[in-house]
Every structure is written in structure tokens, then in C-alpha cells.
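Undergrad: This is the structure I have questions about; it appears just below.
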Amino acid sequence: MAGDEGRFGRIGEVRACWCPKGVRPTVPKQQVRQYIYAYAAVAPELGKMSCLILPYANTQMMNLFLSQISLEFADYFVILQLDKASWHRSNCLTVPENIRLIFQPAYSPELMPVEHLWEEIR
């Protein structure tokens, strides 16, 4: 299987605010960044995919995702190909018994089949 995360969101500018009539407020310009992360793992040979939409890309969320894959593919021993994101290699990462992680070479997204999924969604 191949796994990856995609970040989706928006960047907006907040400029207006409400105030009583006759009062001119000072409103600083600020940028707002709102993101969600789609975690996906594909098994091309089986034609199956596992996905979660989570609020962050960190070790805790990766642990949830690995648990989900472990449950969905409980009948299989899963070799999961990942990039070298810090939360994929964290010492706090809990890898289930039926999953082994392998890491792809740096700067080689063309080797990751799930990258094409993000191209389609975006």
C-alpha cells in the first residue's frame, strides 16, 4: 500500500467588523488560514482505499490513521510506503502488528501512487 496526506483549505483576509453607528473602529488586516488534512492509503492490487479526514498532520493523527488501516485490512499483512514526513518517523508513532512501514527516497513524489489522488481532488 501507499499512504500520504493532502492539505486542503483556504487563506482569507479578515478586514471588516461590526461597531455602533458613529464609531470608526481600527481593524488590523490579518490572514486566516484554515486547513484540513485528508489521509489516504491505496492498495492498487486489491483496488481498495482507506481514508480519514483529520484536523492536523501530526503523530497523534497518524496513529489514528494507522489504527484505521489495521482494522480495515485486518486479514492482510500491510507494507505501507510513506514519505519521510516527521510524523511518519516519530518515536511516539505506534505501528500496529499487521503493518510495516517503508520510506520512499527523498524528493520522489512520482513513486507515490496516492499523489495522483490529490491531483484529481484539487
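The way I read the labels, and the way they are meant: chains A, B, ... in the order of the C-alpha cells, residue 1 as the first residue of every chain, and ligand 1 as the first ligand shown, with later ones counted on from there.
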Determine, counting only C-alpha atoms, which protein, DNA and RNA residues have an atom within 6 Å of an atom of segment 76-81 of chain A; residues of the same chain fewer than 3 positions away are not included. Present the result as a list in words.
TA: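 In the requested format, the answer is Met1, Ala2, Phe73, Asn98, Ile99, Arg100, Leu101, Ile102 and Phe103 of chain A.
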Undergrad: When you look at Ser86 of chain A with a cut-off of 12 Å (counting only C-alpha atoms), what residues show up, excluding the ones that are within fewer than 3 positions of it in the same chain? I need them as a list in words.
TA: Ala57, Asn58, Thr59, Gln60, Met62, Leu82, Asp83, Arg89, Ser90, Asn91, Cys92, Leu93 and Phe103 of chain A
Undergrad: Looking at only C-alpha atoms, which of A:Leu46, A:Glu5, A:Ser70, A:Gly22 is the one that sits closest to Trp87 of chain A?
TA: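 Result for the nearest residue to Trp87 of chain A: A:Glu5.
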Undergrad: Could you go through chain A and tell me which residues DSSP, when run on the backbone, assigns to helix (DSSP H, G or I), listing them as number ranges by chain?
TA: A: 59-72, 86-88, 109-111, 115-121
Undergrad: Restricting the output to C-alpha atoms, write the selected residues as an mmCIF file, in the first residue's frame.
TA:
data_model
loop_
_atom_site.group_PDB
_atom_site.id
_atom_site.type_symbol
_atom_site.label_atom_id
_atom_site.label_comp_id
_atom_site.auth_asym_id
_atom_site.auth_seq_id
_atom_site.Cartn_x
_atom_site.Cartn_y
_atom_site.Cartn_z
ATOM 1 C CA THR A 59 1.938 11.911 15.114
ATOM 2 C CA GLN A 60 -1.330 11.607 17.040
ATOM 3 C CA MET A 61 -3.396 11.795 13.835
ATOM 4 C CA MET A 62 -1.023 9.365 12.101
ATOM 5 C CA ASN A 63 -1.586 6.893 14.945
ATOM 6 C CA LEU A 64 -5.352 7.149 14.338
ATOM 7 C CA PHE A 65 -4.845 6.587 10.635
ATOM 8 C CA LEU A 66 -2.616 3.539 11.142
ATOM 9 C CA SER A 67 -5.206 2.062 13.512
ATOM 10 C CA GLN A 68 -7.880 2.583 10.858
ATOM 11 C CA ILE A 69 -5.787 0.833 8.197
ATOM 12 C CA SER A 70 -5.044 -2.004 10.602
ATOM 13 C CA LEU A 71 -8.762 -2.552 11.226
ATOM 14 C CA GLU A 72 -9.831 -2.256 7.585
ATOM 15 C CA SER A 86 8.420 13.866 10.606
ATOM 16 C CA TRP A 87 5.185 12.324 11.938
ATOM 17 C CA HIS A 88 5.847 9.174 9.873
ATOM 18 C CA PRO A 109 6.707 12.038 -5.325
ATOM 19 C CA GLU A 110 6.399 10.269 -8.693
ATOM 20 C CA LEU A 111 6.993 6.986 -6.831
ATOM 21 C CA GLU A 115 -0.133 11.523 -5.035
ATOM 22 C CA HIS A 116 -2.289 11.218 -8.172
ATOM 23 C CA LEU A 117 -5.366 11.151 -5.957
ATOM 24 C CA TRP A 118 -4.615 14.672 -4.733
ATOM 25 C CA GLU A 119 -4.203 15.865 -8.320
ATOM 26 C CA GLU A 120 -7.722 14.643 -9.114
ATOM 27 C CA ILE A 121 -9.310 16.127 -5.995
#
Undergrad: Taking the DSSP secondary structure from the backbone, can you list the residues of chain A that are strand (DSSP E), as a compact mmCIF listing (two decimals) with N, CA and C atoms, in the first residue's frame?
TA:
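Result written to out.txt:
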# COMPACT_ATOMS: atom_id res chain seq x y z
N ALA A 2 0.30 2.33 -0.45
CA ALA A 2 0.98 3.62 -0.43
C ALA A 2 0.10 4.61 0.33
N GLY A 3 0.70 5.37 1.23
CA GLY A 3 -0.07 6.31 2.04
C GLY A 3 0.50 7.72 1.97
N ASP A 4 -0.40 8.69 2.14
CA ASP A 4 0.04 10.08 2.10
C ASP A 4 -1.05 10.96 2.71
N GLU A 5 -0.71 12.22 2.95
CA GLU A 5 -1.66 13.21 3.44
C GLU A 5 -1.73 14.35 2.44
N GLY A 6 -2.91 14.88 2.27
CA GLY A 6 -3.10 16.06 1.44
C GLY A 6 -3.70 17.17 2.28
N ARG A 7 -3.20 18.38 2.11
CA ARG A 7 -3.73 19.52 2.86
C ARG A 7 -4.68 20.29 1.97
N PHE A 8 -5.85 20.57 2.51
CA PHE A 8 -6.87 21.32 1.78
C PHE A 8 -7.35 22.46 2.67
N GLY A 9 -7.57 23.61 2.10
CA GLY A 9 -8.03 24.71 2.92
C GLY A 9 -8.10 26.00 2.15
N ARG A 10 -8.08 27.08 2.93
CA ARG A 10 -8.18 28.39 2.33
C ARG A 10 -7.35 29.39 3.12
N ILE A 11 -7.01 30.46 2.45
CA ILE A 11 -6.37 31.60 3.09
C ILE A 11 -7.26 32.79 2.79
N GLY A 12 -7.73 33.44 3.81
CA GLY A 12 -8.62 34.58 3.64
C GLY A 12 -8.10 35.77 4.42
N GLU A 13 -8.65 36.92 4.10
CA GLU A 13 -8.27 38.13 4.81
C GLU A 13 -9.48 38.66 5.57
N VAL A 14 -9.31 38.93 6.84
CA VAL A 14 -10.36 39.49 7.66
C VAL A 14 -10.15 41.00 7.70
N GLN A 30 -5.60 40.89 8.83
CA GLN A 30 -5.00 39.63 9.24
C GLN A 30 -5.34 38.56 8.23
N GLN A 31 -4.45 37.63 8.08
CA GLN A 31 -4.72 36.49 7.21
C GLN A 31 -5.18 35.32 8.06
N VAL A 32 -6.19 34.63 7.56
CA VAL A 32 -6.72 33.47 8.26
C VAL A 32 -6.41 32.25 7.41
N ARG A 33 -5.80 31.27 8.03
CA ARG A 33 -5.50 30.02 7.34
C ARG A 33 -6.31 28.92 8.00
N GLN A 34 -7.12 28.25 7.22
CA GLN A 34 -7.93 27.15 7.72
C GLN A 34 -7.65 25.93 6.85
N TYR A 35 -7.22 24.86 7.48
CA TYR A 35 -6.87 23.66 6.73
C TYR A 35 -7.49 22.43 7.37
N ILE A 36 -7.72 21.43 6.54
CA ILE A 36 -8.00 20.08 7.00
C ILE A 36 -7.05 19.17 6.22
N TYR A 37 -6.85 17.99 6.73
CA TYR A 37 -5.92 17.06 6.11
C TYR A 37 -6.64 15.77 5.76
N ALA A 38 -6.47 15.34 4.53
CA ALA A 38 -7.02 14.06 4.08
C ALA A 38 -5.89 13.04 4.10
N TYR A 39 -6.07 12.00 4.87
CA TYR A 39 -5.11 10.90 4.93
C TYR A 39 -5.67 9.79 4.04
N ALA A 40 -4.84 9.24 3.19
CA ALA A 40 -5.30 8.17 2.31
C ALA A 40 -4.21 7.12 2.15
N ALA A 41 -4.64 5.88 2.03
CA ALA A 41 -3.74 4.77 1.71
C ALA A 41 -4.44 3.94 0.64
N VAL A 42 -3.73 3.65 -0.43
CA VAL A 42 -4.31 2.88 -1.53
C VAL A 42 -3.61 1.54 -1.66
N ALA A 43 -4.39 0.54 -2.02
CA ALA A 43 -3.87 -0.79 -2.30
C ALA A 43 -4.23 -1.09 -3.76
N LYS A 48 -8.52 -1.18 -3.47
CA LYS A 48 -9.15 -0.64 -2.26
C LYS A 48 -8.38 0.57 -1.77
N MET A 49 -9.10 1.38 -0.96
CA MET A 49 -8.50 2.58 -0.41
C MET A 49 -9.08 2.81 0.98
N SER A 50 -8.27 3.37 1.85
CA SER A 50 -8.71 3.75 3.18
C SER A 50 -8.44 5.24 3.35
N CYS A 51 -9.42 5.99 3.86
CA CYS A 51 -9.29 7.44 4.00
C CYS A 51 -9.81 7.92 5.33
N LEU A 52 -9.21 8.98 5.84
CA LEU A 52 -9.71 9.70 7.01
C LEU A 52 -9.49 11.18 6.76
N ILE A 53 -10.42 12.00 7.22
CA ILE A 53 -10.24 13.45 7.19
C ILE A 53 -10.03 13.88 8.62
N LEU A 54 -8.87 14.48 8.87
CA LEU A 54 -8.46 14.82 10.24
C LEU A 54 -8.02 16.28 10.31
N VAL A 78 0.18 -5.64 5.97
CA VAL A 78 0.28 -4.43 5.15
C VAL A 78 1.71 -3.88 5.20
N ILE A 79 2.29 -3.69 4.02
CA ILE A 79 3.55 -2.96 3.90
C ILE A 79 3.15 -1.60 3.34
N LEU A 80 3.32 -0.56 4.15
CA LEU A 80 2.84 0.77 3.82
C LEU A 80 4.01 1.68 3.43
N GLN A 81 3.99 2.16 2.19
CA GLN A 81 5.01 3.07 1.68
C GLN A 81 4.62 4.49 2.04
N LEU A 82 5.54 5.21 2.67
CA LEU A 82 5.30 6.60 3.09
C LEU A 82 6.47 7.48 2.69
N ILE A 99 1.18 -4.09 10.32
CA ILE A 99 1.66 -3.05 9.40
C ILE A 99 3.17 -2.87 9.56
N ARG A 100 3.87 -2.76 8.44
CA ARG A 100 5.28 -2.40 8.42
C ARG A 100 5.41 -1.17 7.53
N LEU A 101 6.23 -0.24 7.94
CA LEU A 101 6.42 0.99 7.19
C LEU A 101 7.72 0.94 6.41
N ILE A 102 7.68 1.38 5.16
CA ILE A 102 8.89 1.58 4.37
C ILE A 102 8.84 3.01 3.85
N PHE A 103 10.00 3.62 3.71
CA PHE A 103 10.06 5.02 3.32
C PHE A 103 10.64 5.16 1.93
Undergrad: Could you jot down the atom CA of Ser108 of chain A to atom CA of Pro55 of chain A separation for me, Å, one decimal place?
TA: 25.8 Å
